[in-house]
Every structure is written in structure tokens, then in C-alpha cells.
Amino acid sequence: MKSKILFVLLLAVTPFIYAQNQFSGTVTDAESGEPVISATVYFPQLEKGTLTDFNGNFSFSNIPEGTYKLVISSVGYSSFSREIKLPSEEISITIQPSAIEMEEVIVSTPFHQLQSENVMKVDRESVSTLNRKGAITLADGISQMPGVESITTGIGIGKPVIRGLSSNRVLVYTQGVRLENQQYGDEHGLGISSKGIGSVEVIKGPASLLYGSDAIGGVLYLNPERYAQANTTTAEVDGSYFSNTLGYQASAMAQTSGDKLKFIARGSYAAHSDYETGDGTRVTNTRFNETDFKGGFGYQDARYKADLRYNFNRSNIGIPEEIGIQNTEKEPLLPYQEIDNHIVSLDNRLYLPNSSLDLKIGYQFNNRKEFEEEHAHEEEEEHEGEEEHDEHEEHEEHEEGHPALEMHLESLNYNLKYNLPKTGNFETILGVQGMHQTNSNFGEEILIPDAEMVDFGVFGTAHFHLESWDFQGGLRYDNRTINSENYGHEGEESFITAVDRSFNSINGAIGAKYQYQSKFIVRLNLASGFRAPNLAELTSNGSHHGANRYEIGNANLNNEQNFQVDLSLEWRNEHFEAFANAFHNSVNDYIFINPSGEFIEDDLVYNYTQGDATLYGGELGFHIHPHPLDWLHLESSFETVTGKLENDEYLPLIPANSLTNTFRVEFDSDQQLSNKYAFIRLKNVFDQNNVSTFETRTGGYGLLGAGLGGELELGASSVEINISGNNLFNKDYISHLSRLKPDGISNIGRNILVSLLWNI
């Protein structure tokens with residue numbers, strides 16, 4: 001491991017001396033011949049881009065020799081994609097006007113292609129678009145994407161659900177490395193601020209070929225915001241207000257880029273009071289606050305590219321237990337979590353003749369503390385005779401003491417990929433991935449014992465391109481070892497036995513895409529995946545306050561192994577787009593919890609067990625944008641998933657079927673106000689009657705949302721104004737995926753979001 005780190009540092013400081021290749025060209029409208037202004041010109045493999053000027057011209061410097069895909073995109077035009085051999089003479093490119101919304105490059109799949117060129121179906125959405133829809137947190141925002149939902153504990157804690165699978169079955173990537181923040185806990189959220197995240201990509205289905213264990217249900221890939229264009233300096237300040245929680249969020253960013261060096265920094269803070277339900281009741285201790293800092297330093301010349309990123313996030317999140325105190329304070333009450341998360345990543349890429357070597361390493365330190373009421377009571381007993389403290393003083397007194405629970409999780413990840421020279425229509429990638437992780441306890445309570453985990457995986461994947469057909473496939477081998485220590489004394493109720501287990505699996509994937517002209521696309525993908533049991537499932541023995549239950553692990557659990565078939569159909573022309581996705585997912589040895597009927601410390605006991613399971617369903621929808629009324633958009637999407645065990649019982653925490661209809665208008669720009677838009681959205685969630693043995697049915701509901709906004713030009717700067725509202729009729733409802741549902745606590749009522757962003 002030390003030799004790998006030394007190799008990375010050597011790459012980071014070694015100067016490379018090569019010819020400084022130049023490349024330039026012009027982008028024009030295919031119909032009018034006029035230059036296309038501010039079109040994005042991008043080399044995905046080089047991760048290098050620029051914008052066209054007022055004459056449609058663009059230029060690059062410090063680019064390596066070789067053959068690379070060039071992608072050009074602009075609002076109102078079809079995206080252009082073509083391979084360019086460098087060095088090259090100046091070229092002229094024409095792009096076709098189109099009402100179809102422009103495509104973006106997909107980063108989470110191995111060959112960095114436009115979605116229409118990708119064999120694997122990936123959904124992508126910019127975070128700014130999700131925020132326009134009124135998202136309070138990142139977890140709230142991604143639940144607006146088709147096939148994606150969120151298991152929530154209030155609004156401060158949300159876990160992504162992809163086609164019915166959640167927890168460790170959905171892998172989250174940020175800054176190019178897998179996110180490890182004790183996500184196996186049911187009451188643990190993402191721990192990532194939406195500020196400083198540029199876009200979200202969602203792979204639905206097993207992605208173990210690319211990412212190893214824990215990607216059995218899919219991948220949530222968070223792309224950091226990009227650096228500024230070469231030789232430019234920009235900054236922005238933004239603020240948001242949330243009416244329901246009387247919450248606010250503020251963020252400031254500055255970035256500068258030269259020919260080779262780049263720098264970006266962003267600081268953010270958010271605070272929310274207890275949310276209010278549709279009947280006017282505030283849900284006690286759903287308050288939370290978050291401090292976030294993101295920074296990046298980049299370097300790129302003709303042969304070498306480095307991107308060093310750092311993210312610090314501190315979250316103080318209340319754990320709701322019952323309806324009680326009604327106020328609008330923002331400091332959490334007891335019990336609450338204080339979570340510090342540090343992520344450092346370094347992406348090194350060395351460009352060789354017609355090939356490249358890519359090494360990513362990441363270090364994460366997660367410090368999770370939980371403060372509980374029992375400890376405050378003990379402190380009060382030591383001060384008998386003193387006057388009763390108010391809730392704010394009680395919080396401060398407890399904070400000075402020791403947390404009941406404190407766990408430190410340290411993770412070191414590495415990912416080495418070699419992109420082989422292209423041979424004809426073949427592209428091939430070979431890779432090695434791994435992780436070393438330790439969990440250490442420092443609190444008075446222990447839910448998961450001290451443990452060490454080591455991952456190792458090796459894989460190969462290839463892509464074959466024909467005029468109308470694309471094929472992609474690969475194989476992968478993984479091994480995971482888990483060693484944990486004993487806790488307590490044998491025979492005691494809280495005793496946790498040591499675990500020394502090794503898990504391994506061989507997985508593969510194969511897919512095909514057929515494209516008829518540029519209108520009709522068919523994708524068929526078959527893939528297997530695996531997930532090794534996590535520490536919580538193997539060793540848990542304690543109360544989980546956010547989940548309101550006592551969990552007991554099972555040290556004899558086996559790998560989960562699945563096989564999924566995906567079929568995707570897409571049709572698009574200048575007036576109409578439609579899609580239909582279907583999947584069937586068979587999971588052997590699916591791990592789930594069952595209530596035993598016993599109680600410990602007033603919490604119902606749940607035991608981990610296994611059984612074969614099947615999930616199936618899909619998404620379908622359409623998008624109408626009639627030409628020449630390009631400003632008018634009508635969108636509709638429906639999603640459904642069913643999950644069953646082999647005994648025909650339904651799986652828990654499966655989202656209800658839903659139908660979302662959106663009417664959106666986008667107006668032409670004028671001299672003062674540009675990018676104007678307005679929308680109205682109705683989401684209908686149907687009854688969820690297919691419930692597990694320890695769940696109750698959930699009634700359906702409809703939520704109305706709307707919003708409008710635009711960008712006001714102020715000389716060299718601009719101000720973006722966005723106003724949106726969710727649950728405008730203040731509907732009192734309970735989501736089937738809310739962990740507060742067993743207590744009869746409703747979800748959030750009407751919320752109005754007002755945000756301003758000043759681009760300097």
C-alpha cells in the first residue's frame with residue numbers, strides 16, 4: 001500500500017516535457033450558417049473543455065497526441081460527437097438545430113459517452129435542476145429522478161432507494177471514490193451537501209463489474225462541479241429560504257483557471273427547524289444544521305492530469321422519537337447525531353500514445369457521535385438541588401460531556417485502470433480496485449465492534465462499435481475479508497462475538513444497443529452482482545434510535561448474489577420523446593430483518609436472516625415539445641416495483657407506484673432577463689398494499705408543486721432568481737418509506753423555496 005501511495009505522489013510532482021499541441025476550430029449552425037455562441041466543446045477522455053466565442057471559435061492547448069472523441073453541445077441543438085485524431089488542422093463543425101434537449105457526457109460508465117451512445121442506460125440530472133424543483137437536501141433532490149426514491153427519518157436523514165433496493169445495495173460515489181460513512185446504518189443519511197455537486201448520475205441495476213461489492217442495486221454517482229474555463233476567474237454567492245422549516249442555506253464559491261493550473265473553493269452552511277406537517281404540527285427534533293467545505297486543485301499539461309479534491313462536512317441532526325416540544329429552534333435536542341466526514345481524493349491520469357493510465361486514490365475519515373438523553377439525566381443527578389435547566393442549556397451541558405456512541409471509520413480506496421490502445425472498433429479497459437477500512441469505537445455504547453475490512457478486485461471490460469450496433473461486456477473477480485473483535489463477556493445480553501470471514505465472487509455483464517437512424521434505440525443488458533454482508537448485519541447488538549428497534553446481527557450470513565435483465569426502449573424526434581424501461585432482478589440469499597416479538601429496552605427486537613427474493617418493474621414516460629412551440633414541454637413518467645421473497649411474502653420498504661406529470665414552459669431571452677421558465681407538477685403516489693409481514697399498508701396521495709425563475713443580467717454579472725413550492729395544498733400524508741410511519745407521524749407539509757444566486 002505504501003508503494004502505491006509513493007507512486008501516486010511521484011506522479012503528482014514529476015514534470016513532463018512534451019510538445020504543447022494546439023487544436024482549434026469553428027462551430028456554426030447547419031441551417032443558417034451563423035456562429036454558435038457559448039457552445040460547449042469537450043474531450044471526455046481528456047476531461048478538457050472550453051466554450052465557443054462570439055464568432056463560434058474555440059481553441060485548446062496542452063493536449064496529447066492520439067485519437068479522442070470530441071463532443072459539442074448547445075441548448076437548442078443536437079449534440080455532436082466525432083473522433084478526432086490529434087494533432088489536427090483547424091476544423092469547421094456544423095450542428096443541427098433541434099428541440100430535443102442537449103445530451104451530456106456520462107462519467108459513471110467506463111467509456112465516457114453521450115447517453116444515446118451508451119450501452120448501459122444511465123439517468124443524469126444537474127443538481128441545479130433538482131434544486132429548482134424545491135429540493136431541501138441532496139437526498140430529497142435525487143428522489144425526483146425516475147426509479148429513485150428515499151428512505152427518510154424526517155428531512156435531515158435520507159437514504160437512496162433504486163428500484164426497491166437500498167442501504168449497502170446502492171453504492172454512492174463522490175469525487176471519483178466510493179463514499180464510506182457508515183452508510184449501513186438505517187438512520188444514517190448521505191452526509192453530502194448538494195452545494196459543490198454539479199450533477200447526479202444513476203445506474204439502475206447491478207454494477208458490480210465496474211464497482212465491486214455493494215453495487216448490487218445500482219450506483220449513485222455524484223460529479224463535483226467543474227473548474228472554470230481556461231484563463232478565467234469567476235465567483236458566485238447564493239442563498240435560499242425554506243418556508244416550512246424557517247430554514248436557510250448560504251454558499252459562496254470562487255474559482256480560477258490558467259492554461260495548466262486550476263483552483264476552486266466553496267463554503268456552505270444550512271440550518272432548519274423542525275418541519276411542519278400538513279395539519280400544522282411540528283415534528284419534534286427533526287431539526288438539523290450542516291457546515292460544508294469543498295476545495296479542489298487541478299493541473300493538466302499535454303501528458304499528465306491531476307485533480308486533488310477535499311470535502312469536509314459536519315452535520316448535527318436531531319433524531320425524532322415522538323411529537324413533543326413545539327418551537328422553531330434550530331439546535332438539535334437529545335438524542336442527536338454529530339457527524340464529521342472528511343474526504344480527500346487524488347485523480348492522476350497519464351496520457352500515453354493512444355492509451356492512458358488512470359489512478360484514483362481516496363482517504364476518508366468519518367467520526368459519528370450520538371448523544372442520548374440518559375447521559376443528560378445522569379449529569380442532572382450529579383447536580384441535585386439545582387434549578388431545572390431549559391432545553392437549550394440542557395443541550396449545551398450535554399455537549400460538554402461524552403457521547404454515548406462514537407465510531408471512527410477510516411477508509412483508503414484505490415482504483416487503477418489502464419485504457420488499452422484502441423484496436424479497430426474495440427476499446428478495452430483493465431483495472432484493479434481495492435479498499436482498506438477500519439472501524440474503532442470510543443463511546444460508552446457499542447453497536448458495531450472494532451473491525452477491519454479489506455477489499456480487492458480485478459476486472460476487464462470491452463466495447464465494440466458498429467454503425468448501428470454497440471456491444472459491451474466484461475468479467476470481474478472480488479474478494480472481501482472482514483475481521484472484528486469480541487465485545488463484552490460471553491453470556492451477557494450485550495456480548496458480540498468476533499467475526500473472521502472471507503467473501504468472494506465472480507461476476508459479469510454483457511449488453512447490446514441497437515440504434516435505428518437517430519430516432520429509435522433498444523438496449524438489452526444482462527448482469528450479475530454480489531454484496532458481502534456488512535458489519536451491521538454480521539455483528540449488530542443494540543438499539544438503533546433512528547429506526548426505533550433493537551437489532552441483532554447474524555455472523556453466519558452469506559453473500560447476496562443477483563442476476564438482472566434490463567430492457568430499455570427509446571424513441572425521439574423533434575416533437576416527441578418516449579421511453580419504456582423494464583427489469584427483472586433475482587437475488588439469492590437476500591438479507592433482511594424480521595421482528596422476533598421480543599423487546600429489549602422497550603425496543604422491538606429484529607433479527608437478520610436470509611432468503612431468495614425477486615424484484616421486478618420499470619419506468620415509462622414521454623416528453624412532448626411540439627415544434628415550432630419549442631418553449632412548451634409536457635412530461636409524464638410512471639414507475640413501479642414489486643419485491644417478493646421465495647415464500648411469496650412481500651419485501652419491506654418497497655416504494656409505492658407513482659405517476660408524475662409536469663407542464664413546463666421556457667421563454668426566449670431578452671436583453672435583461674434570460675433563461676426564463678415556469679412549471680407546474682402533480683405527483684400521484686398510489687396505495688401501497690403489497691407490504692411485508694411487519695408493515696402496514698399506506699394510503700395514496702397527490703402532491704402539487706410549481707415554480708418559476710429566470711436570470712437577470714447586470715452588466716458583467718448576473719442574478720438567478722428561483723421560486724418553487726411543494727405540496728402547495730398542504731396535504732397531510734405519510735410516505736411508505738418514512739421511518740416515522742410506525743409512529744403515525746406525517747411527512748412535510750407545504751414548503752416554499754426562494755433562492756438567489758449571484759454570478760460574479
# chains A, B, ... in the order shown; residues from 1 in each chain; ligands from 1
>>> select_by_dssp(residues="stretch 267-480 of chain A", states="alpha helix (DSSP H)", output="ChimeraX atom specification")
/A:373-382,391-399
>>> closest_atom_pairs(of="stretch 286-341 of chain A", to="stretch 359-373 of chain A", cutoff="9 Å", atoms="only C-alpha atoms", output="CSV")
residue,atom,partner,partner_atom,distance
A:Leu334,CA,A:Glu373,CA,5.5
A:Pro335,CA,A:Glu372,CA,4.4
A:Tyr336,CA,A:Phe371,CA,5.6
A:Gln337,CA,A:Glu370,CA,4.5
A:Glu338,CA,A:Lys369,CA,5.1
A:Ile339,CA,A:Arg368,CA,4.6
A:Asp340,CA,A:Asn367,CA,5.1
A:Asn341,CA,A:Asn366,CA,4.6
>>> write_last_selection(atoms="N, CA, C and O atoms", output="compact mmCIF listing (two decimals), in the first residue's frame")
# COMPACT_ATOMS: atom_id res chain seq x y z
N LEU A 334 -31.83 16.33 22.41
CA LEU A 334 -31.41 14.95 22.63
C LEU A 334 -32.55 14.01 22.27
O LEU A 334 -33.70 14.31 22.57
N PRO A 335 -32.26 12.86 21.63
CA PRO A 335 -30.96 12.43 21.12
C PRO A 335 -30.66 13.07 19.75
O PRO A 335 -31.56 13.42 19.01
N TYR A 336 -29.37 13.19 19.46
CA TYR A 336 -28.99 13.74 18.17
C TYR A 336 -27.63 13.18 17.76
O TYR A 336 -26.89 12.63 18.58
N GLN A 337 -27.32 13.31 16.47
CA GLN A 337 -26.05 12.87 15.92
C GLN A 337 -25.19 14.08 15.57
O GLN A 337 -25.71 15.09 15.08
N GLU A 338 -23.90 13.95 15.80
CA GLU A 338 -22.92 14.91 15.30
C GLU A 338 -21.95 14.12 14.43
O GLU A 338 -21.25 13.24 14.92
N ILE A 339 -21.91 14.46 13.15
CA ILE A 339 -21.16 13.65 12.19
C ILE A 339 -20.16 14.53 11.45
O ILE A 339 -20.54 15.53 10.82
N ASP A 340 -18.90 14.17 11.54
CA ASP A 340 -17.84 14.82 10.76
C ASP A 340 -17.37 13.84 9.68
O ASP A 340 -17.06 12.68 9.99
N ASN A 341 -17.29 14.34 8.45
CA ASN A 341 -16.85 13.49 7.35
C ASN A 341 -15.80 14.23 6.54
O ASN A 341 -16.04 15.34 6.05
>>> atom_distance(atom1="atom CA of A:Asn131", atom2="atom CA of A:Ser746")
23.0 Å
>>> residues_around(residues="A:Pro87", least_positions_apart="3", cutoff="8 Å", atoms="only C-alpha atoms", output="NGL selection string")
:A and (21-23 or 64-66)
>>> residues_around(residues="stretch 495-499 of chain A", least_positions_apart="3", cutoff="9 Å", atoms="only C-alpha atoms", output="ChimeraX atom specification")
/A:448-449,451,482-492,538-541,553,555
>>> write_last_selection(atoms="C-alpha atoms", output="PDB file, in the first residue's frame")
ATOM      1  CA  ILE A 448     -20.723  -2.443  15.905  1.00  0.00           C
ATOM      2  CA  PRO A 449     -17.403  -3.733  17.301  1.00  0.00           C
ATOM      3  CA  ALA A 451     -13.224  -4.254  12.908  1.00  0.00           C
ATOM      4  CA  ILE A 482     -13.818  -8.927   7.495  1.00  0.00           C
ATOM      5  CA  ASN A 483     -12.226  -9.321  10.908  1.00  0.00           C
ATOM      6  CA  SER A 484     -13.927  -7.961  14.041  1.00  0.00           C
ATOM      7  CA  GLU A 485     -13.145  -8.188  17.742  1.00  0.00           C
ATOM      8  CA  ASN A 486     -15.148  -9.583  20.628  1.00  0.00           C
ATOM      9  CA  TYR A 487     -17.091  -7.121  22.723  1.00  0.00           C
ATOM     10  CA  GLY A 488     -18.281  -7.774  26.245  1.00  0.00           C
ATOM     11  CA  HIS A 489     -18.371 -11.077  28.072  1.00  0.00           C
ATOM     12  CA  GLU A 490     -19.834 -14.272  26.715  1.00  0.00           C
ATOM     13  CA  GLY A 491     -23.250 -14.978  28.175  1.00  0.00           C
ATOM     14  CA  GLU A 492     -24.138 -11.314  28.644  1.00  0.00           C
ATOM     15  CA  LEU A 538     -22.951  -9.576  10.898  1.00  0.00           C
ATOM     16  CA  THR A 539     -22.350  -8.077  14.336  1.00  0.00           C
ATOM     17  CA  SER A 540     -25.155  -5.706  15.438  1.00  0.00           C
ATOM     18  CA  ASN A 541     -26.355  -5.962  19.013  1.00  0.00           C
ATOM     19  CA  GLY A 553     -26.774  -9.483  13.693  1.00  0.00           C
ATOM     20  CA  ALA A 555     -22.355 -13.872  11.885  1.00  0.00           C
TER      21      ALA A 555
END
>>> residues_around(residues="A:Glu225", least_positions_apart="3", cutoff="8 Å", atoms="only C-alpha atoms", output="CSV table (one decimal) with N, CA and C atoms, in the first residue's frame")
chain,number,residue,atom,x,y,z
A,196,GLY,N,-21.7,22.4,-4.4
A,196,GLY,CA,-20.5,21.9,-4.9
A,196,GLY,C,-20.6,20.6,-5.7
A,197,ILE,N,-21.8,20.1,-5.8
A,197,ILE,CA,-22.1,18.9,-6.7
A,197,ILE,C,-22.7,19.4,-8.0
A,198,GLY,N,-22.0,19.1,-9.1
A,198,GLY,CA,-22.5,19.6,-10.4
A,198,GLY,C,-23.7,18.8,-11.0
A,199,SER,N,-23.6,17.4,-10.9
A,199,SER,CA,-24.7,16.6,-11.5
A,199,SER,C,-24.7,15.3,-10.8
>>> residues_around(residues="A:Ile323", least_positions_apart="5", cutoff="10 Å", atoms="only C-alpha atoms", output="CSV table (one decimal) with N, CA and C atoms, in the first residue's frame")
chain,number,residue,atom,x,y,z
A,281,THR,N,-48.7,20.6,12.8
A,281,THR,CA,-47.9,20.1,13.9
A,281,THR,C,-46.4,20.0,13.5
A,282,ARG,N,-45.6,20.5,14.3
A,282,ARG,CA,-44.1,20.4,14.1
A,282,ARG,C,-43.6,19.1,14.7
A,283,VAL,N,-42.8,18.4,13.9
A,283,VAL,CA,-42.3,17.1,14.3
A,283,VAL,C,-41.0,17.3,15.1
A,284,THR,N,-41.1,17.1,16.4
A,284,THR,CA,-40.1,17.5,17.3
A,284,THR,C,-38.8,16.8,17.0
A,285,ASN,N,-37.7,17.6,17.0
A,285,ASN,CA,-36.3,17.1,16.8
A,285,ASN,C,-36.0,16.6,15.4
A,743,ASP,N,-45.0,5.4,13.9
A,743,ASP,CA,-45.5,6.3,15.0
A,743,ASP,C,-46.6,7.2,14.5
A,745,ILE,N,-46.5,9.5,12.3
A,745,ILE,CA,-46.1,10.9,12.1
A,745,ILE,C,-46.0,11.2,10.6
>>> select_by_dssp(residues="stretch 405-468 of chain A", states="strand (DSSP E or B)", output="number ranges by chain")
A: 405-419, 423, 426-441, 451-465
>>> closest_atom_pairs(of="stretch 285-359 of chain A", to="stretch 229-251 of chain A", cutoff="9 Å", atoms="only C-alpha atoms", output="JSON lines")
{"residue": "A:Arg287", "atom": "CA", "partner": "A:Thr245", "partner_atom": "CA", "distance": 8.1}
{"residue": "A:Thr328", "atom": "CA", "partner": "A:Leu246", "partner_atom": "CA", "distance": 7.5}
{"residue": "A:Lys330", "atom": "CA", "partner": "A:Gly247", "partner_atom": "CA", "distance": 8.5}
>>> residues_around(residues="A:Gly267", least_positions_apart="4", cutoff="7 Å", atoms="only C-alpha atoms", output="PyMOL selection string")
chain A and resi 251-253+292-294
>>> write_last_selection(atoms="N, CA and C atoms", output="PDB file, in the first residue's frame")
ATOM      1  N   SER A 251     -24.169  29.866   0.487  1.00  0.00           N
ATOM      2  CA  SER A 251     -22.975  29.265  -0.082  1.00  0.00           C
ATOM      3  C   SER A 251     -22.217  30.309  -0.887  1.00  0.00           C
ATOM      4  N   ALA A 252     -20.886  30.202  -0.882  1.00  0.00           N
ATOM      5  CA  ALA A 252     -20.031  31.097  -1.658  1.00  0.00           C
ATOM      6  C   ALA A 252     -18.944  30.272  -2.322  1.00  0.00           C
ATOM      7  N   MET A 253     -18.648  30.605  -3.589  1.00  0.00           N
ATOM      8  CA  MET A 253     -17.668  29.851  -4.363  1.00  0.00           C
ATOM      9  C   MET A 253     -16.778  30.803  -5.131  1.00  0.00           C
ATOM     10  N   ASP A 292     -20.368  22.818   5.383  1.00  0.00           N
ATOM     11  CA  ASP A 292     -19.715  22.063   4.313  1.00  0.00           C
ATOM     12  C   ASP A 292     -18.651  22.924   3.640  1.00  0.00           C
ATOM     13  N   PHE A 293     -17.489  22.330   3.393  1.00  0.00           N
ATOM     14  CA  PHE A 293     -16.432  22.992   2.632  1.00  0.00           C
ATOM     15  C   PHE A 293     -15.913  22.035   1.573  1.00  0.00           C
ATOM     16  N   LYS A 294     -15.765  22.543   0.345  1.00  0.00           N
ATOM     17  CA  LYS A 294     -15.198  21.764  -0.751  1.00  0.00           C
ATOM     18  C   LYS A 294     -14.100  22.586  -1.414  1.00  0.00           C
TER      19      LYS A 294
END
>>> closest_atom_pairs(of="stretch 397-480 of chain A", to="stretch 94-114 of chain A", cutoff="10 Å", atoms="only C-alpha atoms", output="Markdown table")
| residue | atom | partner | partner_atom | distance |
| --- | --- | --- | --- | --- |
| A:Lys417 | CA | A:Pro110 | CA | 9.8 |
| A:Asn419 | CA | A:Phe111 | CA | 9.3 |
| A:Glu427 | CA | A:Phe111 | CA | 8.2 |
| A:Thr428 | CA | A:Phe111 | CA | 9.1 |
| A:Ile429 | CA | A:Pro110 | CA | 7.9 |
| A:Thr461 | CA | A:Pro110 | CA | 8.4 |
| A:Ala462 | CA | A:Phe111 | CA | 9.1 |
| A:His463 | CA | A:Phe111 | CA | 8.0 |
>>> atom_distance(atom1="atom CA of A:Val719", atom2="atom CA of A:Thr129")
16.1 Å
>>> closest_residue(among="A:Phe694, A:Phe686, A:Phe43, A:Phe563", to="A:Ile734", atoms="only C-alpha atoms")
A:Phe686
>>> closest_atom_pairs(of="stretch 556-669 of chain A", to="stretch 522-535 of chain A", cutoff="12 Å", atoms="only C-alpha atoms", output="JSON lines")
{"residue": "A:Asn556", "atom": "CA", "partner": "A:Pro533", "partner_atom": "CA", "distance": 9.5}
{"residue": "A:Leu557", "atom": "CA", "partner": "A:Pro533", "partner_atom": "CA", "distance": 6.6}
{"residue": "A:Asn558", "atom": "CA", "partner": "A:Pro533", "partner_atom": "CA", "distance": 6.9}
{"residue": "A:Asn559", "atom": "CA", "partner": "A:Ala532", "partner_atom": "CA", "distance": 4.7}
{"residue": "A:Glu560", "atom": "CA", "partner": "A:Arg531", "partner_atom": "CA", "distance": 5.0}
{"residue": "A:Gln561", "atom": "CA", "partner": "A:Phe530", "partner_atom": "CA", "distance": 4.4}
{"residue": "A:Asn562", "atom": "CA", "partner": "A:Gly529", "partner_atom": "CA", "distance": 5.3}
{"residue": "A:Phe563", "atom": "CA", "partner": "A:Ser528", "partner_atom": "CA", "distance": 4.3}
{"residue": "A:Gln564", "atom": "CA", "partner": "A:Ala527", "partner_atom": "CA", "distance": 5.6}
{"residue": "A:Val565", "atom": "CA", "partner": "A:Leu526", "partner_atom": "CA", "distance": 4.7}
{"residue": "A:Asp566", "atom": "CA", "partner": "A:Asn525", "partner_atom": "CA", "distance": 5.1}
{"residue": "A:Leu567", "atom": "CA", "partner": "A:Leu524", "partner_atom": "CA", "distance": 4.7}
{"residue": "A:Ser568", "atom": "CA", "partner": "A:Arg523", "partner_atom": "CA", "distance": 5.0}
{"residue": "A:Leu569", "atom": "CA", "partner": "A:Val522", "partner_atom": "CA", "distance": 4.8}
{"residue": "A:Glu570", "atom": "CA", "partner": "A:Val522", "partner_atom": "CA", "distance": 6.6}
{"residue": "A:Trp571", "atom": "CA", "partner": "A:Val522", "partner_atom": "CA", "distance": 9.0}
{"residue": "A:Phe579", "atom": "CA", "partner": "A:Val522", "partner_atom": "CA", "distance": 9.9}
{"residue": "A:Ala580", "atom": "CA", "partner": "A:Val522", "partner_atom": "CA", "distance": 9.9}
{"residue": "A:Asn581", "atom": "CA", "partner": "A:Arg523", "partner_atom": "CA", "distance": 9.3}
{"residue": "A:Ala582", "atom": "CA", "partner": "A:Leu524", "partner_atom": "CA", "distance": 9.9}
{"residue": "A:Phe583", "atom": "CA", "partner": "A:Asn525", "partner_atom": "CA", "distance": 9.5}
{"residue": "A:His584", "atom": "CA", "partner": "A:Leu526", "partner_atom": "CA", "distance": 9.9}
{"residue": "A:Asn585", "atom": "CA", "partner": "A:Ser528", "partner_atom": "CA", "distance": 9.4}
{"residue": "A:Ser586", "atom": "CA", "partner": "A:Ser528", "partner_atom": "CA", "distance": 9.4}
{"residue": "A:Val587", "atom": "CA", "partner": "A:Phe530", "partner_atom": "CA", "distance": 8.9}
{"residue": "A:Asn588", "atom": "CA", "partner": "A:Phe530", "partner_atom": "CA", "distance": 9.4}
{"residue": "A:Asp589", "atom": "CA", "partner": "A:Arg531", "partner_atom": "CA", "distance": 10.0}
{"residue": "A:Tyr590", "atom": "CA", "partner": "A:Arg531", "partner_atom": "CA", "distance": 9.4}
{"residue": "A:Ile591", "atom": "CA", "partner": "A:Pro533", "partner_atom": "CA", "distance": 8.0}
{"residue": "A:Phe592", "atom": "CA", "partner": "A:Pro533", "partner_atom": "CA", "distance": 10.8}
{"residue": "A:Tyr608", "atom": "CA", "partner": "A:Pro533", "partner_atom": "CA", "distance": 10.4}
{"residue": "A:Thr609", "atom": "CA", "partner": "A:Pro533", "partner_atom": "CA", "distance": 11.0}
{"residue": "A:Gln610", "atom": "CA", "partner": "A:Pro533", "partner_atom": "CA", "distance": 10.7}
>>> atom_distance(atom1="atom CA of A:Ile37", atom2="atom CA of A:Phe58")
10.0 Å
>>> closest_atom_pairs(of="stretch 286-326 of chain A", to="stretch 141-152 of chain A", cutoff="12 Å", atoms="only C-alpha atoms", output="JSON lines")
{"residue": "A:Thr286", "atom": "CA", "partner": "A:Thr152", "partner_atom": "CA", "distance": 10.9}
{"residue": "A:Ile319", "atom": "CA", "partner": "A:Thr152", "partner_atom": "CA", "distance": 11.4}
{"residue": "A:Pro320", "atom": "CA", "partner": "A:Thr152", "partner_atom": "CA", "distance": 11.4}
>>> decode(residues="stretch 545-585 of chain A", atoms="C-alpha atoms", output="mmCIF file, in the first residue's frame")
data_model
loop_
_atom_site.group_PDB
_atom_site.id
_atom_site.type_symbol
_atom_site.label_atom_id
_atom_site.label_comp_id
_atom_site.auth_asym_id
_atom_site.auth_seq_id
_atom_site.Cartn_x
_atom_site.Cartn_y
_atom_site.Cartn_z
ATOM 1 C CA HIS A 545 -32.835 5.074 17.941
ATOM 2 C CA GLY A 546 -33.493 6.474 14.461
ATOM 3 C CA ALA A 547 -35.028 3.167 13.388
ATOM 4 C CA ASN A 548 -36.796 2.590 16.748
ATOM 5 C CA ARG A 549 -35.688 -1.012 17.062
ATOM 6 C CA TYR A 550 -33.130 -3.347 18.669
ATOM 7 C CA GLU A 551 -31.072 -5.151 16.009
ATOM 8 C CA ILE A 552 -29.219 -8.450 16.430
ATOM 9 C CA GLY A 553 -26.774 -9.483 13.693
ATOM 10 C CA ASN A 554 -26.039 -12.914 12.246
ATOM 11 C CA ALA A 555 -22.355 -13.872 11.885
ATOM 12 C CA ASN A 556 -23.217 -16.751 9.503
ATOM 13 C CA LEU A 557 -24.736 -14.715 6.682
ATOM 14 C CA ASN A 558 -23.697 -15.493 3.097
ATOM 15 C CA ASN A 559 -23.097 -13.312 0.044
ATOM 16 C CA GLU A 560 -26.087 -11.845 -1.706
ATOM 17 C CA GLN A 561 -25.850 -12.807 -5.385
ATOM 18 C CA ASN A 562 -28.128 -11.431 -8.074
ATOM 19 C CA PHE A 563 -28.835 -11.575 -11.782
ATOM 20 C CA GLN A 564 -30.766 -8.794 -13.518
ATOM 21 C CA VAL A 565 -32.173 -8.365 -17.005
ATOM 22 C CA ASP A 566 -32.816 -4.822 -18.257
ATOM 23 C CA LEU A 567 -34.671 -3.820 -21.395
ATOM 24 C CA SER A 568 -34.812 -0.177 -22.454
ATOM 25 C CA LEU A 569 -36.685 1.336 -25.398
ATOM 26 C CA GLU A 570 -36.396 4.975 -26.504
ATOM 27 C CA TRP A 571 -37.999 6.944 -29.326
ATOM 28 C CA ARG A 572 -37.332 10.597 -30.122
ATOM 29 C CA ASN A 573 -37.903 13.144 -32.833
ATOM 30 C CA GLU A 574 -38.188 16.937 -32.879
ATOM 31 C CA HIS A 575 -41.716 16.847 -31.394
ATOM 32 C CA PHE A 576 -41.859 13.825 -29.120
ATOM 33 C CA GLU A 577 -39.756 11.578 -26.856
ATOM 34 C CA ALA A 578 -40.853 8.367 -25.154
ATOM 35 C CA PHE A 579 -39.133 5.688 -23.074
ATOM 36 C CA ALA A 580 -40.001 2.349 -21.504
ATOM 37 C CA ASN A 581 -37.663 0.502 -19.115
ATOM 38 C CA ALA A 582 -38.351 -2.955 -17.686
ATOM 39 C CA PHE A 583 -36.262 -5.066 -15.307
ATOM 40 C CA HIS A 584 -36.303 -8.429 -13.562
ATOM 41 C CA ASN A 585 -33.908 -8.901 -10.636
#
